[in-house]
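Structure record follows, encoded as structure tokens.
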Amino acid sequence: MPGIGIPPLEANLPPIVKRNYGKWISHEHPRPGVIKHDSESGESCFTVRVGMPPNARVSTQTLRVICDLADEFCEGYFRVTQRNSCEFVGVPENLIDQLIARLAQLGFPVGGTNRSLHNTVCCTGYLHCHLAATDPPAIMKAVSEMLMKEYTHDCLPAKLKISGSGCLNNCGESSTADIAIIGVHRDLPPIHEEKLKGCELPLVISVCPVGAIRPKGPGMIEIDPKRCIHCPACSVSCAAMAPIGSPTGDGVAIVVGGKAGNTGDGPAMAKVVVPYLPNNPPRWPEVTHALRSIVDAWSANARKDERVGEWINRIGWEKFYQRTGLPLSFKIVDNYDARALEYAKANVRFKW
Amino acid sequence: MMDAISQGAWPSHATELKKTRYPLQMYEQALQKRATQWGYGGYVSLPGVAAGVLVRSSARPDITKGSNFVRIMDPCGNFFKTDGMRRLCDIADKYAYGLLHLLSTGGDLEMLGIPTENLKPAVDDIVHLGFDVGSTGDDFRTSEECIGPAKCDLPLYDTLGFRAAWYKRFLDDVQYPRFPHKVKCKFSGCPNDCVRGSQKADIFVCGVFRDLPLIDQNGVRAWVEKGGDIGTVCSRCPGGCLNWDTKAGLSIDGDSCLRCVYCINKIPGVRPGGDRGVAILVGGKLRGKYGPMLAKVVVPFMKAVPPDYKEVFDLIEKITDVYDEHARKKERMGDFLLRIGPSEFFRLIGVPLSSRLFAQPRTNLFYHWEPEEIKDERISATEPGQGPN
Amino acid sequence: MSVVTLAGKQFEVDEDGFMQDTTQWTPDVATGLAKSEGIEVLTDDHWKVINYLREYYQKFNVAPPIRMVCKQTGFPLKRIYELFSTGPAKGACKLAGLPKPTGCI
């Protein structure tokens with residue numbers, strides 16, 4: 001029976017972490033994929049960071065391989081980072097080369113530290129979700145492949161985080177990332193009348209952000225097709241209004257400039273720069289091409305330690321579209337919520 | 001198409017799927033048809049387990065009947081001991097697809113593809129192993145913390161200890177849903193916010209300090225002499241308050257310092273000040289009714305006192321009580337905050353007034369007074385022109 | 001979709017045992033579905049919760065917030081979870097013939 005809570009704090013901490021808990025005083029990046037933490041005790045802890053399959057989706061077979069490596073190189077412990085990398089913590093300095101060579105043999109890339117591409121984060125997409133308008137794991141695989149050099153070398157102006165969500169529910173936390181893709185629907189949700197009896201209609205009506213769902217006689221509802229923003233809130237709340245989407249309707253939007261930390265310009269949510277690109281599995285060339293152009297423009301023009309959003313804040317959206325060559329669309333400005341006019345420009349400080 | 005996705009140097013999820021009992025045609029067909037083959041998800045009845053198990057139904061019963069999965073709450077710092085992980089793998093092999101979602105973006109470990117008859121023994125084995133399930137439905141979801149004192153030189157409070165204590169106090173609310181919607185709590189040790197709490201968390205506890213960064217001039221000088229890029233750090237300081245002088249060393253203009261920890265990130269020898277505590281922010285979310293929203297400050301500074309962090313946890317309880325009492329069904333904390341407005345929210349929580357609660361005063365000139373707020377506020381009727389200091 | 005026979009009457013239920021047409025609910029439905037929720041016998045306390053859920057649902061067409069269930073029945077949350085171990089939003093709603101709780105996110 002559940003009710004025991006998480007394992008005790010110390011149960012899963014490696015010995016070197018227990019010895020130096022709270023005593024770390026500085027860190028450095030001796031080489032890509034390796035972080036060195038120095039403790040006030042004089043001890044140093046080396047961490048080797050490894051890229052994982054998209055969506056941190058691993059077979060038990062692969063996990064057992066990771067466990068074997070952790071047993072061999074760092075006393076039987078590893079950890080998973082907030083960006084789904086796998087970290088071998090407390091690798092003896094003289095064994096780092098050996099571990100990296102073994103990882104290379106097994107097909108695990110080492111990198112994702114300091115000013116590089118960090119491991120991608122995404123939702124499950126087509127793997128295990130009924131709302132997905134696209135398949136972020138496959139897109140993240142294609143993107144990671146394309147940016148392999150940026151992952152394994154410290155060659156970018158600042159860290160770069162790329163995420164992907166399959167729909168506007170944003171489970172892949174797209175809005176938090178420097179650059180992200182997000183699946184978009186363009187069709188109206190269906191209304192399967194025979195299933196409506198199993199739905200809480202007042203709830204379905206209230207979750208719609210734009211009031212596009214209205215009652216239509218007892219036990220029946222209708223959708224205002226002009227107002228619908230295809231957000232799947234109703235599809236989430238009511239089985240009679242799912243699934244939403246179609247092969248030609250569904251696609252991918254691109255958002256940029258999200259960031260959590262308080263350095264630079266502070267926390268920000270990502271902004272939509274491309275409202276729609278088609279789904280084109282297995283490699284999504286239209287999407288990867290757009291991402292490439294953003295990464296290239298940013299890395300060629302940004303100052304050191306300037307994240308994507310901060311670079312855009314400095315150069316402005318005119319220059320962003322000019323440098324990336326991305327197509328413009330009226331859909332990048334909001335038209336429906338209370339904040340709509342915030343997205344329009346209220347000064348004439350133009351860049352030409 | 002899965003074969004194409006398996007190729008290349010980056011590890012592939014498609015390759016991983018092939019090593020498990022995952023119904024490969026569900027994914028292959030989705031890619032070919034450009035449409036997911038899964039169906040509606042949600043409820044699965046497992047008496048005795050109120051949260052932690054979910055079902056994903058199948059829209060293709062010809063391929064698979066559907067897939068139950070469990071959410072296992074991650075251990076502190078997301079560290080795993082290999083023997084424990086191997087035994088989790090054994091459970092996944094015995095009862096499920098043999099496929100793990102190592103870390104969901106919510107902070108759980110998910111085990112997929114458990115047939116209904118295996119759910120009970122799988123959950124029993126997981127709990128027997130010392131892990132617990134929960135974090136589904138309208139309750140506290142798994143809390144997440146940054147790596148903190150375990151492997152970072154910056155944390156301003158013990159994020160791992162804080163999370164362990166949080167579970168002691170709030171475990172029931174993680175496993176027995178009762179709120180209007182889900183509530184996510186995230187704990188970052190410093191303003192770098194590595195758990196992205198300001199974007200994702202309904203309640204975000206962030207380590208902060210009030211005095212200035214401490215400078216060890218010798219340490220800074222040694223770093224600069226080794227080639228440290230002091231020029232970039234000074235020019236990128238968001239407050240524009242850093243000055244480097246080869247003779248006098250590094251100085252900080254206290255009036256402009258934002259305590260953003262950028263200099264501390266970059267320069268060995270600069271350390272956070274000693275007057276440390278936590279800030280509490282609420283309402284961060286990536287979706288909800290009105291879309292992505294950053295969390296807003298409700299308490300700019302309070303002490304986080306181990307071992308039971310009573311003051312902070314009491315405030316978290318107060319926030320959820322207010323939310324539970326006043327929010328509508330399926331209304332996230334951020335949407336609730338937007339609907340009732342920040343000043344009403346502050347009043348309900350009972351937080352003290354502070355200039356640090358506001359990004360900027362209003363430009364809208366229309367505001368409301370209650371009759372009892374109207375009184376003669378002249379300091380003295382006999383000395384015209386004498387205002388307060 | 002399947003059909004179950006409870007007290008001699010047939011009802012359409014979905015794969016999790018939730019009634020498809022909630023207007024057909026009778027107390028026999030609750031009695032008949034109790035076993036699937038691990039409940040041997042429905043006590044007065046069970047009925048108090050079920051009846052409140054029905055009453056609220058018939059009035060507003062949505063399941064009540066859990067806070068209201070506690071308030072109106074006078075049971076603390078713990079007691080409600082003792083009565084319905086999968087929870088008021090799940091097991092209790094199923095027995096009371098309310099719609100299945102929504103979504104997974």
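Chain lettering (A, B, ...) mirrors the order of the structure tokens, residue numbering begins at 1 for each chain separately, and ligand numbering begins at 1 in order of display.
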Would you kindly return, as a PyMOL selection string, each protein, DNA or RNA residue with an atom no farther than 8 Å from any atom of region 249-257 of chain A, considering only C-alpha atoms and excluding same-chain residues fewer than 5 positions away?
chain A and resi 133-134+174-175+177-187+268-279+287+307-310+312
Considering only C-alpha atoms, extract the chain C residues located within 7 Å of chain B and return them as a list in words.
Asp16, Glu37, Gly38, Pro65, Ile66, Arg67, Ser85, Thr86, Gly87, Pro101, Thr102, Gly103 and Cys104 of chain C
Compute the set of chain A residues within 6 Å of chain C, using only C-alpha atoms, and express it as a list in words.
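Contact residues on the first chain: Lys197, Gly198, Cys199, Glu200, Val236 and Ser237 of chain A.
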To one decimal in Å, tell me the separation between CA of Ala9 (chain B) and CA of Ala96 (chain B).
28.4 Å
Just asking: which residues within region 76-230 of chain A are helix (DSSP H, G or I) according to DSSP, as a ChimeraX atom specification?
/A:93-106,125-127,136-146,148-152,174-176,193-198,201-207
Find the residues of chain A in contact range of chain B, meaning any atom within 6 Å when counting only C-alpha atoms, and list them as a PyMOL selection string.
chain A and resi 2+5-7+9+12+17+21-22+24-26+53-54+56-60+67+76-80+126-127+129-130+145+169+209+247+260-264+282
Using only C-alpha atoms for the distances, tell me which of A:Cys123, A:Leu156, A:Ile162, A:Ala11 is nearest to Pro136 (chain A).
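Ranked by minimum distance to Pro136 (chain A), first place goes to A:Cys123.
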Which residues come within 10 Å of Met220 (chain A), counting only C-alpha atoms, excluding same-chain residues fewer than 3 positions away, as a PyMOL selection string?
chain A and resi 191+193+196-197+201+214-217
Using all heavy atoms, can you write the selected residues to a file as a compact mmCIF listing (two decimals), in the first residue's frame?
```txt
# COMPACT_ATOMS: atom_id res chain seq x y z
N ILE A 191 -17.64 16.72 -31.80
CA ILE A 191 -18.62 16.49 -30.73
C ILE A 191 -19.30 15.15 -31.01
O ILE A 191 -20.13 15.03 -31.92
CB ILE A 191 -19.69 17.61 -30.67
CG1 ILE A 191 -19.02 18.96 -30.40
CG2 ILE A 191 -20.70 17.32 -29.56
CD1 ILE A 191 -19.98 20.14 -30.36
N GLU A 193 -21.88 13.05 -30.14
CA GLU A 193 -23.09 13.28 -29.33
C GLU A 193 -23.43 12.10 -28.44
O GLU A 193 -23.90 12.28 -27.31
CB GLU A 193 -24.26 13.61 -30.26
CG GLU A 193 -24.02 14.91 -31.01
CD GLU A 193 -25.21 15.35 -31.85
OE1 GLU A 193 -26.25 14.67 -31.80
OE2 GLU A 193 -25.08 16.37 -32.55
N LEU A 196 -21.77 12.36 -25.08
CA LEU A 196 -21.90 13.58 -24.27
C LEU A 196 -22.53 13.32 -22.91
O LEU A 196 -22.29 14.05 -21.96
CB LEU A 196 -22.73 14.63 -25.02
CG LEU A 196 -21.95 15.58 -25.94
CD1 LEU A 196 -22.91 16.57 -26.56
CD2 LEU A 196 -20.85 16.30 -25.20
N LYS A 197 -23.35 12.24 -22.83
CA LYS A 197 -23.99 11.93 -21.56
C LYS A 197 -22.97 11.63 -20.47
O LYS A 197 -23.26 11.76 -19.30
CB LYS A 197 -24.90 10.71 -21.74
CG LYS A 197 -26.23 11.05 -22.36
CD LYS A 197 -27.05 9.79 -22.54
CE LYS A 197 -28.34 10.06 -23.29
NZ LYS A 197 -28.90 8.83 -23.85
N LEU A 201 -20.97 18.82 -18.67
CA LEU A 201 -21.03 19.91 -19.65
C LEU A 201 -20.69 21.29 -19.09
O LEU A 201 -19.98 22.06 -19.74
CB LEU A 201 -22.41 19.92 -20.33
CG LEU A 201 -22.68 18.68 -21.19
CD1 LEU A 201 -23.98 18.84 -21.95
CD2 LEU A 201 -21.55 18.40 -22.16
N ARG A 214 -20.89 26.58 -26.25
CA ARG A 214 -22.15 27.09 -25.71
C ARG A 214 -23.14 25.94 -25.56
O ARG A 214 -23.11 24.98 -26.33
CB ARG A 214 -22.76 28.11 -26.67
CG ARG A 214 -21.93 29.34 -26.89
CD ARG A 214 -22.65 30.31 -27.81
NE ARG A 214 -22.78 29.78 -29.17
CZ ARG A 214 -22.33 30.43 -30.25
NH1 ARG A 214 -21.77 31.62 -30.12
NH2 ARG A 214 -22.47 29.91 -31.45
N PRO A 215 -24.05 26.06 -24.58
CA PRO A 215 -25.11 25.05 -24.49
C PRO A 215 -26.05 25.19 -25.68
O PRO A 215 -26.24 26.30 -26.21
CB PRO A 215 -25.83 25.40 -23.19
CG PRO A 215 -25.25 26.66 -22.67
CD PRO A 215 -24.15 27.10 -23.56
N LYS A 216 -26.58 24.06 -26.10
CA LYS A 216 -27.53 24.10 -27.23
C LYS A 216 -28.62 23.09 -26.90
O LYS A 216 -28.51 21.93 -27.27
CB LYS A 216 -26.80 23.72 -28.51
CG LYS A 216 -27.63 23.75 -29.77
CD LYS A 216 -26.80 23.15 -30.90
CE LYS A 216 -27.67 22.47 -31.93
NZ LYS A 216 -26.93 21.52 -32.74
N GLY A 217 -29.56 23.52 -26.14
CA GLY A 217 -30.62 22.60 -25.72
C GLY A 217 -30.12 21.70 -24.61
O GLY A 217 -28.94 21.71 -24.28
```
Surrounding residues of Ala344 (chain A) excluding itself and chain neighbours under 3 positions, 8 Å, only C-alpha atoms, as a ChimeraX atom specification
/A:333,340-341
How about saving the chosen residues, all heavy atoms kept, as an mmCIF file, in the first residue's frame?
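out35.cif was written with the following content:
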```
data_model
loop_
_atom_site.group_PDB
_atom_site.id
_atom_site.type_symbol
_atom_site.label_atom_id
_atom_site.label_comp_id
_atom_site.auth_asym_id
_atom_site.auth_seq_id
_atom_site.Cartn_x
_atom_site.Cartn_y
_atom_site.Cartn_z
ATOM 1 N N VAL A 333 1.019 37.848 -33.229
ATOM 2 C CA VAL A 333 0.455 38.730 -32.209
ATOM 3 C C VAL A 333 -0.892 38.166 -31.759
ATOM 4 O O VAL A 333 -1.650 37.646 -32.550
ATOM 5 C CB VAL A 333 0.282 40.192 -32.672
ATOM 6 C CG1 VAL A 333 1.627 40.860 -32.794
ATOM 7 C CG2 VAL A 333 -0.503 40.277 -33.956
ATOM 8 N N ALA A 340 -3.984 41.358 -25.063
ATOM 9 C CA ALA A 340 -3.705 41.396 -26.496
ATOM 10 C C ALA A 340 -2.888 42.613 -26.926
ATOM 11 O O ALA A 340 -1.943 42.488 -27.701
ATOM 12 C CB ALA A 340 -5.009 41.354 -27.284
ATOM 13 N N LEU A 341 -3.220 43.795 -26.406
ATOM 14 C CA LEU A 341 -2.545 44.989 -26.895
ATOM 15 C C LEU A 341 -1.102 45.098 -26.425
ATOM 16 O O LEU A 341 -0.329 45.874 -26.974
ATOM 17 C CB LEU A 341 -3.328 46.244 -26.515
ATOM 18 C CG LEU A 341 -4.475 46.556 -27.487
ATOM 19 C CD1 LEU A 341 -5.180 47.835 -27.068
ATOM 20 C CD2 LEU A 341 -3.997 46.669 -28.924
#
```
Env of region 82-84 of chain C: 8 Å cut, atoms = only C-alpha atoms, seq-sep filter 4 positions within chain, self excluded. Answer as a PDB file with N, CA, C and O atoms, in the first residue's frame.
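Okay, this is what ended up in out-v1.pdb:
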```pdb
ATOM      1  N   GLU C  37     -14.929  -1.675  -6.640  1.00  0.00           N
ATOM      2  CA  GLU C  37     -14.166  -0.651  -5.936  1.00  0.00           C
ATOM      3  C   GLU C  37     -13.611  -1.191  -4.623  1.00  0.00           C
ATOM      4  O   GLU C  37     -13.164  -0.434  -3.760  1.00  0.00           O
ATOM      5  N   ILE C  39     -15.334  -2.599  -2.257  1.00  0.00           N
ATOM      6  CA  ILE C  39     -16.252  -2.376  -1.131  1.00  0.00           C
ATOM      7  C   ILE C  39     -17.173  -3.586  -0.994  1.00  0.00           C
ATOM      8  O   ILE C  39     -17.881  -3.939  -1.946  1.00  0.00           O
ATOM      9  N   ASP C  45     -22.875   5.363   5.778  1.00  0.00           N
ATOM     10  CA  ASP C  45     -21.899   6.416   5.482  1.00  0.00           C
ATOM     11  C   ASP C  45     -21.611   6.489   3.978  1.00  0.00           C
ATOM     12  O   ASP C  45     -21.500   7.574   3.397  1.00  0.00           O
ATOM     13  N   HIS C  46     -21.474   5.304   3.361  1.00  0.00           N
ATOM     14  CA  HIS C  46     -21.294   5.275   1.899  1.00  0.00           C
ATOM     15  C   HIS C  46     -22.462   5.986   1.222  1.00  0.00           C
ATOM     16  O   HIS C  46     -22.291   6.806   0.328  1.00  0.00           O
ATOM     17  N   LYS C  78     -10.080  12.120   5.290  1.00  0.00           N
ATOM     18  CA  LYS C  78      -9.573  10.772   5.586  1.00  0.00           C
ATOM     19  C   LYS C  78     -10.694   9.732   5.576  1.00  0.00           C
ATOM     20  O   LYS C  78     -10.543   8.634   5.041  1.00  0.00           O
ATOM     21  N   PRO C  88     -13.058  10.156  -3.746  1.00  0.00           N
ATOM     22  CA  PRO C  88     -14.391  10.681  -4.013  1.00  0.00           C
ATOM     23  C   PRO C  88     -14.606  11.002  -5.488  1.00  0.00           C
ATOM     24  O   PRO C  88     -15.701  10.809  -6.019  1.00  0.00           O
ATOM     25  N   GLY C  91     -13.942   6.496  -7.372  1.00  0.00           N
ATOM     26  CA  GLY C  91     -14.836   5.417  -6.948  1.00  0.00           C
ATOM     27  C   GLY C  91     -16.226   5.883  -6.566  1.00  0.00           C
ATOM     28  O   GLY C  91     -17.233   5.317  -7.002  1.00  0.00           O
ATOM     29  N   ALA C  92     -16.303   6.948  -5.765  1.00  0.00           N
ATOM     30  CA  ALA C  92     -17.608   7.398  -5.295  1.00  0.00           C
ATOM     31  C   ALA C  92     -18.465   7.891  -6.452  1.00  0.00           C
ATOM     32  O   ALA C  92     -19.666   7.631  -6.517  1.00  0.00           O
TER      33      ALA C  92
END
```
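The smallest atom-to-atom distance between Tyr81 (chain C) and any of B:Ser143, B:Asp173, B:Val282, B:Lys375, using only C-alpha atoms, is found for B:Asp173.
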Taking only C-alpha atoms into account, name the residue in A:Glu72, A:Gly266, A:Ser85, A:Ser329 that is nearest to Gln98 (chain A).
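For Gln98 (chain A), the nearest of the candidates is A:Glu72.
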Could you find all residues in region 70-318 of chain A that DSSP calls strand (DSSP E) from the backbone, and write them as an NGL selection string?
:A and (77-80 or 86-89 or 121-122 or 162-165 or 179-184 or 213-215 or 221-223 or 251-256 or 271-278)
Å distance separating CA of Leu63 (chain A) from CA of Thr64 (chain B), one decimal place:
25.1 Å
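For the pair CA of Ala138 (chain A) and CA of Arg71 (chain B), the interatomic distance is 23.4 Å.
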